[in-house]
Structure formats: C-alpha cells, structure tokens
Amino acid sequence: MARLGFSDKLMMIFIYVFLIVLSFSAFYPFWNALVVSFNLGIDTTKGGVTFWPRVFTLENYQIVFKDDRLINGFFVSVSRTVVGTITAILMTAILAYGMTRRELIGRNYFMFFFVFTMYFGGGLIPSYLLISSLGLMNKFLVFIIPALISVWNMIIFRTFFKSLPLGLEESAQIDGATNWGIFFRIVLPLSGPVIATLSLFTAVAHWNDWFTPSIYITNENLIPIQTMLRQILNANIVTDMASNMDTASIARLDQMRTITTKSLTMATMMVATLPIVMVYPFVQKYFVKGVLIGSLKE
Amino acid sequence: MAQATTEQRTRLEQQPKPKKNIFVRFLKQWDIQLMVWPGILLIFVFAYLPMYGILTSFMDYNIFTGGNIWANPWVGFKHFQMFFDSPEFYNVMRNTIVISLLKFVIGFPAPIILALMLNEIRHMMFKRIVQTVTYLPHFMSWVIVAGLVMSMLSTENGSVNMLLKSVNMIDEPINFLSMKEYFWSILISANVWKEIGFGSIVYLAAISGVDPHLYEAADIDGASKFKQIYLITIPTIMPVVIIFMILSIGNLLNAGFEDILLLANNPVLRPVSDVIDTYVYRVGLSNFRYSYATAVGLFKAVISIGLLTMANYIARRSGNSLW
C-alpha cells in the first residue's frame with residue numbers, strides 16, 4: 001500500500017469517526033436499556049442513567065421472573081420457536097429436494113405455482129378469515145402450520161442442493177438407496193451450513209413474530225413474550241387510551257414504590273432479546289454465507 | 001471390474017427413460033412426488049385459498065354466511081369506489097408513496113456507503129467489531145426496536161432529550177413520538193438504524209470480488225483513495241447495485257407495516273402514518289369492514305404486480321430477469 005496523501009488521510013479519519021459514531025449509535029440504545037433494567041427504578045426517574053447503573057439492583061428482574069404471565073409467554077415463545085423451526089426446515093428441505101429432481105413430473109408447473117405466491121397473495125383479511133374458518137384461532141398450531149413452507153427458503157435450499165455433486169446421488173442409487181434414503185443419509189448431512197443459516201433465520205422470525213398472535217390469539221396462555229411486550233409498551237405510551245395491561249399487574253406495580261413501569265419494561269425487553277443475543281455470536285459466520293446464497297439466486 | 005463399470009454406465013444412461021405413459025411414470029416416481037405434495041397442499045391452502053377470498057372484495061361480505069362466500073351479494077366495484085372517495089384516500093396514498101420513496105432514497109444507498117467505508121478499514125479487529133455491532137439490530141423484533149426508540153425519545157429522561165438539553169438546543173423535552181412533523185424522520189432513521197449493517201453484507205461480498213491488481217495499478221499511477229473508490233470499486237459493484245435497485249421498484253407500495261404500526265401508536269399521528277397496509281389492518285380487523293379492507297388490499301396488490309412487471313421488464317433489458 002502506497003503512502004497516503006493528505007486528502008486520503010482526511011478521508012480515513014472521516015471514515016473512522018463515522019464508523020465509531022455509527023457503532024455507538026447502534027449499540028447505545030441497547031446498552032442503555034440494559035443499564036436501566038439493572039438500575040433501581042425510582043433512581044432512574046431522577047435522570048442521568050446512561051452508561052452504567054447508578055444504584056444497581058436485580059429487583060426488576062425478580063419482578064419479571066415472578067410474573068407468571070411473562071414466564072408463560074417466554075415458554076410459548078421458546079416452544080413455538082423450537083417446534084416451528086424444526087418442522088419448517090424439515091418440510092421445506094424435503095420439498096426443495098423433490099424439486100431438484102429432474103425426473104419429477106410437473107416440476108416446472110410446480111415451480112411456477114410456488115414462485116407466483118412470492119409476488120401475489122390474498123392479503124391480510126382473506127388470510128385472517130381462512131385461519132378462522134380452519135379453526136386455527138387460539139390454537140398453538142396457528143404458529144406452526146401456516147409457516148411450514150417458505151418458498152424463499154425452498155429456493156435457497158434448492159440452489160444449494162443443486163450445487164451438490166450429482167455423482168453422490170447416482171452412486172447411492174446404484175447401491176440401492178431409495179430417494180428418501182438419499183435425502184436423509186446423503187443430501188441432508190452435506191447441507192450443514194445452509195441448514196444452520198436457514199434455521200437461524202426461521203428461528204429469529206418465529207421468536208420475533210408478535211403480529212400473528214396479536215390477531216389470531218386471544219387466549220392469554222398462548223401469547224408469546226413479544227406480543228406481551230407490545231401490549232406493555234402500548235400501555236405505557238398511550239396512557240389516554242384503554243390500556244391493555246391487566247389491572248392486577250398495574251396494582252402490583254403501584255404497591256412497589258421503588259419499581260417503575262420503565263424499569264420493568266426494560267427488564268422484560270432484555271428477557272425477550274436475550275436468546276437472540278446469546279445465539280448471535282455463534283451463528284454470525286453462517287448468516288453471512290446464507291445471505292450470499294440467497295442473493296446469488298436473485 | 002470393467003464389466004461392472006460398463007454395466008453401471010448403461011444403467012445410468014438408461015436413467016432418463018424414453019417417454020412412456022405419463023401415468024406409469026408418475027406411479028414409478030411416487031416417492032419423489034410424495035416429497036413435493038405436502039408442500040403443494042400447504043401452499044394451496046395458505047396462499048391460494050386466500051386469493052380465492054379476494055372475491056369477497058366484490059361482495060358485501062357477511063361473517064355469518066360462514067364458509068360459503070357465494071352466499072354474499074355481488075356489489076361490483078362498490079368498495080373500491082368507496083376507498084377512492086373516502087376522506088382518508090389522499091393521506092393514505094401520499095404517506096404510502098412518500099414513506100416508501102424516503103425509505104428507498106435514504107435506506108438504499110446507506111448500506112452501500114457503509115460497505116465502501118468498511119472496505120477501507122485495514123484494522124481487522126475494528127472492522128469486525130463495527131460489523132458485529134451494526135448487524136445486531138437486524139435480528140431484533142420491531143417490538144424491541146420500537147421499545148428502544150420510545151425509550152431514547154422519551155420525555156422522561158430519554159437520552160435524546162437529555163442530550164439536546166445539555167447542549168442547550170431545547171429548554172423543555174420534546175415529545176417526539178406525538179408530533180406529526182417528526183414521524184417520518186423517526187421512522188426512516190429507525191429503519192436505517194435497523195438494517196444498514198445487515199444490508200451491507202451483500203455489497204461487501206461484491207466489493208471483495210474486485211481484482212486487487214486494479215488497486216495496485218491505480219496506486220502506481222498515483223490515484224487517490226477517493227478516486228480508486230469512485231473509479232474502481234463503485235463501477236465493479238454497479239451490476240449488483242442495479243439489480244437491487246430494480247427489485248425495490250416492485251416494493252414501491254410496501255411502505256412498511258410492523259414498524260409503522262408500532263411506532264405510530266399515538267392516533268394523533270394517523271394523518272402522516274397511515275399507509276395502505278396499516279389502513280387495511282385497521283379498517284379490516286378493528287372495524288370489521290372485511291370486504292372494504294380486502295378491496296383496498298387488492299388495489300395495492302394489483303398496482304404492486306404492475307410495478308413488478310415493469311421492474312422485470314427493465315431488468316430483462318439490462319440482462320437480469322427475475323423470472
């Protein structure tokens with residue numbers, strides 16, 4: 001690399017400053033929420049809690065973990081994420097493998113059938129009426145079944161499967177393996193990276209989905225934590241509207257003088273983000289790959 | 001041994017069998033067909049049946065007729081006409097177009113600029129940290145992001161208000177999230193904040209494909225860094241940029257849904273926050289005007305398809321067809 005001229009140096013300084021500011025602004029809101037969640041609620045209201053808790057406390061988390069509704073919501077989220085991801089990835093991968101087989105009769109028609117849905121759909125209301133007429137309202141399965149097949153993921157899987165050497169399948173066929181056997185014993189074990197990536201994206205989508213439950217679920221025992229968090233935020237901000245928060249927990253909040261809704265909200269938010277932040281560093285190398293497989297297709 | 005391989009080869013060559021009765025061939029590959037039919041059925045039920053439900057936008061749908069939508073009376077384009085004549089029509093259309101254009105004009109180049117900047121960084125550790133930190137918000141739900149935005153902009157010790165106060169730009173905290181004039185800026189900023197890092201991945205990959213010899217040659221010729229970016233990096237990634245740009249034409253009416261729904265909690269913001277999707281949600285699922293909301297949704301879907309076809313036409317002329 002040649003010596004940098006003056007204008008180049010200036011540009012590099014600008015880039016460094018810009019990136020530091022950007023990283024700070026990406027990180028600070030999250031860090032501040034974490035700090036507030038560990039700070040005594042009554043102390044936070046005095047202002048000035050920014051980078052470090054002033055009066056450290058675990059109180060907020062104790063309240064959150066004592067709230068049966070929140071714990072229940074957390075487990076609804078966990079179970080829909082685990083069940084939803086495993087079933088969706090499996091179903092989508094099987095479909096994608098079938099779609100790679102050249103001898104499949106109707107393959108081109110099927111492909112059109114799938115791709116068309118990426119560009120046109122019935123929309124919110126017809127889907128809502130469909131779900132309700134299928135009797136899926138207030139059922140755990142409403143989280144799982146409609147999300148089983150993702151056409152987008154199917155295309156990514158298919159692109160990946162196609163890149164596998166054909167010879168493997170052929171030699172397995174000669175050894176007498178069935179098509180399902182080839183899929184489970186040869187294709188799937190070779191697809192580690194793409195499975196990891198798509199599982200990550202699917203799991204994140206399941207974990208983060210607050211909207212589906214907000215329209216299809218009224219039974220409190222089935223509301224996942226993100227939807228619950230939405231209700232809490234709503235209640236905080238729109239004070240003049242009928243609050244969605246149940247009266248019992250508001251009454252309980254009033255009893256504790258050191259706790260504020262803000263500190264509790266932040267603690268709940270941290271609990272709702274924790275799984276993602278914990279998994280994130282380990283899967284970072286995969287999703288970069290996954291994004292690239294996805295964009296190559298375009 | 002040699003015999004075995006010839007035998008294998010002949011078997012392999014026979015694999016794509018000459019055309020037989022399609023029914024016989026279908027039965028023979030029942031196991032492969034079994035792989036695709038569950039998917040076909042699911043997509044049929046959850047993607048195509050709702051399309052059939054679109055018919056209700058030309059009827060006066062009554063929830064009590066239940067499954068048989070043919071029992072509802074046909075009313076032609078009544079609901080479409082109602083939408084065009086409604087007092088909300090102007091605001092909804094303006095917000096949809098303005099918000100999506102703003103998202104495009106600001107949100108589209110932002111990750112490209114970030115990628116170009118990251119590419120200049122030689123400290124790998126620094127680069128890695130910036131990437132890790134800026135990718136993270138992509139994985140947060142909009143509920144969390146909205147919660148963070150609310151907390152940052154809060155009038156009670158929100159960091160933004162505290163900062164502005166400490167530099168004496170304001171005397172009293174501003175309630176940003178209840179003022180119409182700030183909503184678009186907040187919405188766009190939150191979107192860029194959430195997606196800038198993740199969006200840069202594709203462009204970073206494209207940049208890494210640039211032949212390093214070009215930079216060496218430019219160095220020898222004494223081209224400045226800025227010139228190198230302008231004359232080498234940007235032209236090389238241009239094809240990728242153009243594809244993504246064309247793709248976003250088809251998204252012109254997708255102004256956003258979750259972000260607006262969550263950030264525009266306050267009904268005061270409706271004149272600037274209502275877009276087609278949130279409007280459909282509100283009149284459909286809160287006011288139960290099913291036929292009307294379906295009609296509005298269909299109106300949007302049809303325009304989107306038109307835009308997409310146009311985008312694909314442009315793409316095909318530039319050699320990058322979508323389908």
# chains A, B, ... in the order shown; residues from 1 in each chain; ligands from 1
>>> residues_around(residues="Val142 (chain A)", least_positions_apart="5", cutoff="8 Å", atoms="only C-alpha atoms", output="compact mmCIF listing (two decimals) with C-alpha atoms, in the first residue's frame")
# COMPACT_ATOMS: atom_id res chain seq x y z
CA ILE A 131 -57.40 -19.14 9.52
CA LEU A 136 -56.91 -22.44 13.95
CA MET A 137 -57.82 -19.44 16.08
CA TYR A 216 -55.11 -14.92 15.97
>>> select_by_dssp(residues="region 13-185 of chain A", states="helix (DSSP H, G or I)", output="MDAnalysis selection string")
chainID A and resid 13:37 41:44 59:66 68:100 107:119 124:133 141:147 151:163 166:174 179:185
>>> closest_residue(among="B:Val24, B:Ala264, B:Ala110, B:Met51", to="Met179 (chain B)", atoms="only C-alpha atoms")
B:Ala264
>>> closest_residue(among="A:Tyr128, A:Phe184, A:Phe38, A:Phe143", to="chain B", atoms="only C-alpha atoms")
A:Tyr128
>>> closest_residue(among="B:Phe58, B:Phe139, B:Tyr52, B:Phe80", to="Asp209 (chain A)", atoms="only C-alpha atoms")
B:Phe139
>>> closest_residue(among="B:Gly222, B:Gly199, B:Gly284, B:Pro239", to="Gln131 (chain B)", atoms="only C-alpha atoms")
B:Gly199
>>> residues_around(residues="Pro165 (chain A)", least_positions_apart="5", cutoff="12 Å", atoms="only C-alpha atoms", output="PyMOL selection string")
chain A and resi 160+170-171+186-187+190
>>> write_last_selection(atoms="N, CA and C atoms", output="PDB file, in the first residue's frame")
ATOM      1  N   PHE A 160     -28.857 -24.717  -3.231  1.00  0.00           N
ATOM      2  CA  PHE A 160     -27.751 -25.391  -2.556  1.00  0.00           C
ATOM      3  C   PHE A 160     -27.683 -26.866  -2.960  1.00  0.00           C
ATOM      4  N   GLU A 170     -26.059 -40.592  -7.620  1.00  0.00           N
ATOM      5  CA  GLU A 170     -26.075 -41.708  -8.556  1.00  0.00           C
ATOM      6  C   GLU A 170     -25.452 -42.949  -7.948  1.00  0.00           C
ATOM      7  N   SER A 171     -24.307 -42.755  -7.252  1.00  0.00           N
ATOM      8  CA  SER A 171     -23.681 -43.943  -6.682  1.00  0.00           C
ATOM      9  C   SER A 171     -24.538 -44.536  -5.570  1.00  0.00           C
ATOM     10  N   ILE A 186     -27.605 -38.743   2.668  1.00  0.00           N
ATOM     11  CA  ILE A 186     -26.513 -38.118   1.911  1.00  0.00           C
ATOM     12  C   ILE A 186     -26.695 -36.612   1.784  1.00  0.00           C
ATOM     13  N   VAL A 187     -27.863 -36.211   1.264  1.00  0.00           N
ATOM     14  CA  VAL A 187     -28.051 -34.781   0.974  1.00  0.00           C
ATOM     15  C   VAL A 187     -28.083 -33.952   2.261  1.00  0.00           C
ATOM     16  N   LEU A 190     -24.861 -33.338   4.174  1.00  0.00           N
ATOM     17  CA  LEU A 190     -23.917 -32.466   3.458  1.00  0.00           C
ATOM     18  C   LEU A 190     -24.344 -31.002   3.475  1.00  0.00           C
TER      19      LEU A 190
END
>>> residues_around(residues="Ala115 (chain B)", least_positions_apart="5", cutoff="9 Å", atoms="only C-alpha atoms", output="list in words")
Ala110, Glu120, Gly197, Gly199, Ser200, Ile201, Val202, Tyr203, Leu204 and Ile207 of chain B
>>> residues_around(residues="region 271-278 of chain A", least_positions_apart="4", cutoff="9 Å", atoms="only C-alpha atoms", output="list in words")
Tyr61, Val64, Phe74, Val204, Trp207, Asn208, Ile225, Gln226, Leu229, Met266, Ala267 and Phe282 of chain A; Leu136, Phe139, Met140, Ser141 and Ile144 of chain B
>>> write_last_selection(atoms="N, CA and C atoms", output="mmCIF file, in the first residue's frame")
data_model
loop_
_atom_site.group_PDB
_atom_site.id
_atom_site.type_symbol
_atom_site.label_atom_id
_atom_site.label_comp_id
_atom_site.auth_asym_id
_atom_site.auth_seq_id
_atom_site.Cartn_x
_atom_site.Cartn_y
_atom_site.Cartn_z
ATOM 1 N N TYR A 61 -35.648 -7.605 37.587
ATOM 2 C CA TYR A 61 -35.679 -8.972 37.050
ATOM 3 C C TYR A 61 -36.428 -9.913 37.973
ATOM 4 N N VAL A 64 -39.969 -9.490 37.134
ATOM 5 C CA VAL A 64 -40.282 -10.079 35.835
ATOM 6 C C VAL A 64 -40.364 -11.598 35.946
ATOM 7 N N PHE A 74 -42.756 -16.473 27.797
ATOM 8 C CA PHE A 74 -41.407 -16.871 27.413
ATOM 9 C C PHE A 74 -41.408 -18.314 26.923
ATOM 10 N N VAL A 204 -35.328 -16.897 14.193
ATOM 11 C CA VAL A 204 -35.464 -15.478 14.532
ATOM 12 C C VAL A 204 -36.856 -14.981 14.154
ATOM 13 N N TRP A 207 -39.268 -16.283 16.724
ATOM 14 C CA TRP A 207 -39.100 -15.640 18.021
ATOM 15 C C TRP A 207 -39.628 -14.204 17.990
ATOM 16 N N ASN A 208 -39.379 -13.511 16.879
ATOM 17 C CA ASN A 208 -39.731 -12.097 16.797
ATOM 18 C C ASN A 208 -41.173 -11.841 16.404
ATOM 19 N N ILE A 225 -43.938 -13.878 24.266
ATOM 20 C CA ILE A 225 -43.427 -12.739 25.030
ATOM 21 C C ILE A 225 -43.352 -11.457 24.197
ATOM 22 N N GLN A 226 -43.094 -11.584 22.888
ATOM 23 C CA GLN A 226 -43.000 -10.373 22.075
ATOM 24 C C GLN A 226 -44.344 -9.647 21.997
ATOM 25 N N LEU A 229 -44.941 -7.978 25.246
ATOM 26 C CA LEU A 229 -44.125 -6.780 25.343
ATOM 27 C C LEU A 229 -44.783 -5.636 24.585
ATOM 28 N N MET A 266 -37.995 -2.340 30.524
ATOM 29 C CA MET A 266 -36.643 -2.602 30.032
ATOM 30 C C MET A 266 -36.195 -4.013 30.407
ATOM 31 N N ALA A 267 -36.502 -4.433 31.626
ATOM 32 C CA ALA A 267 -36.123 -5.787 32.037
ATOM 33 C C ALA A 267 -36.827 -6.826 31.166
ATOM 34 N N PHE A 282 -22.416 -16.930 17.862
ATOM 35 C CA PHE A 282 -22.028 -18.251 17.369
ATOM 36 C C PHE A 282 -22.456 -18.496 15.931
ATOM 37 N N LEU B 136 -26.364 -6.491 14.464
ATOM 38 C CA LEU B 136 -27.230 -6.972 15.545
ATOM 39 C C LEU B 136 -28.685 -6.472 15.474
ATOM 40 N N PHE B 139 -31.593 -8.438 13.849
ATOM 41 C CA PHE B 139 -32.194 -9.633 14.457
ATOM 42 C C PHE B 139 -33.178 -9.319 15.577
ATOM 43 N N MET B 140 -33.303 -8.039 15.898
ATOM 44 C CA MET B 140 -34.263 -7.647 16.927
ATOM 45 C C MET B 140 -35.643 -7.500 16.292
ATOM 46 N N SER B 141 -36.668 -7.842 17.042
ATOM 47 C CA SER B 141 -38.009 -7.654 16.506
ATOM 48 C C SER B 141 -38.331 -6.163 16.497
ATOM 49 N N ILE B 144 -39.045 -4.731 19.908
ATOM 50 C CA ILE B 144 -37.875 -4.305 20.685
ATOM 51 C C ILE B 144 -37.359 -2.971 20.159
#
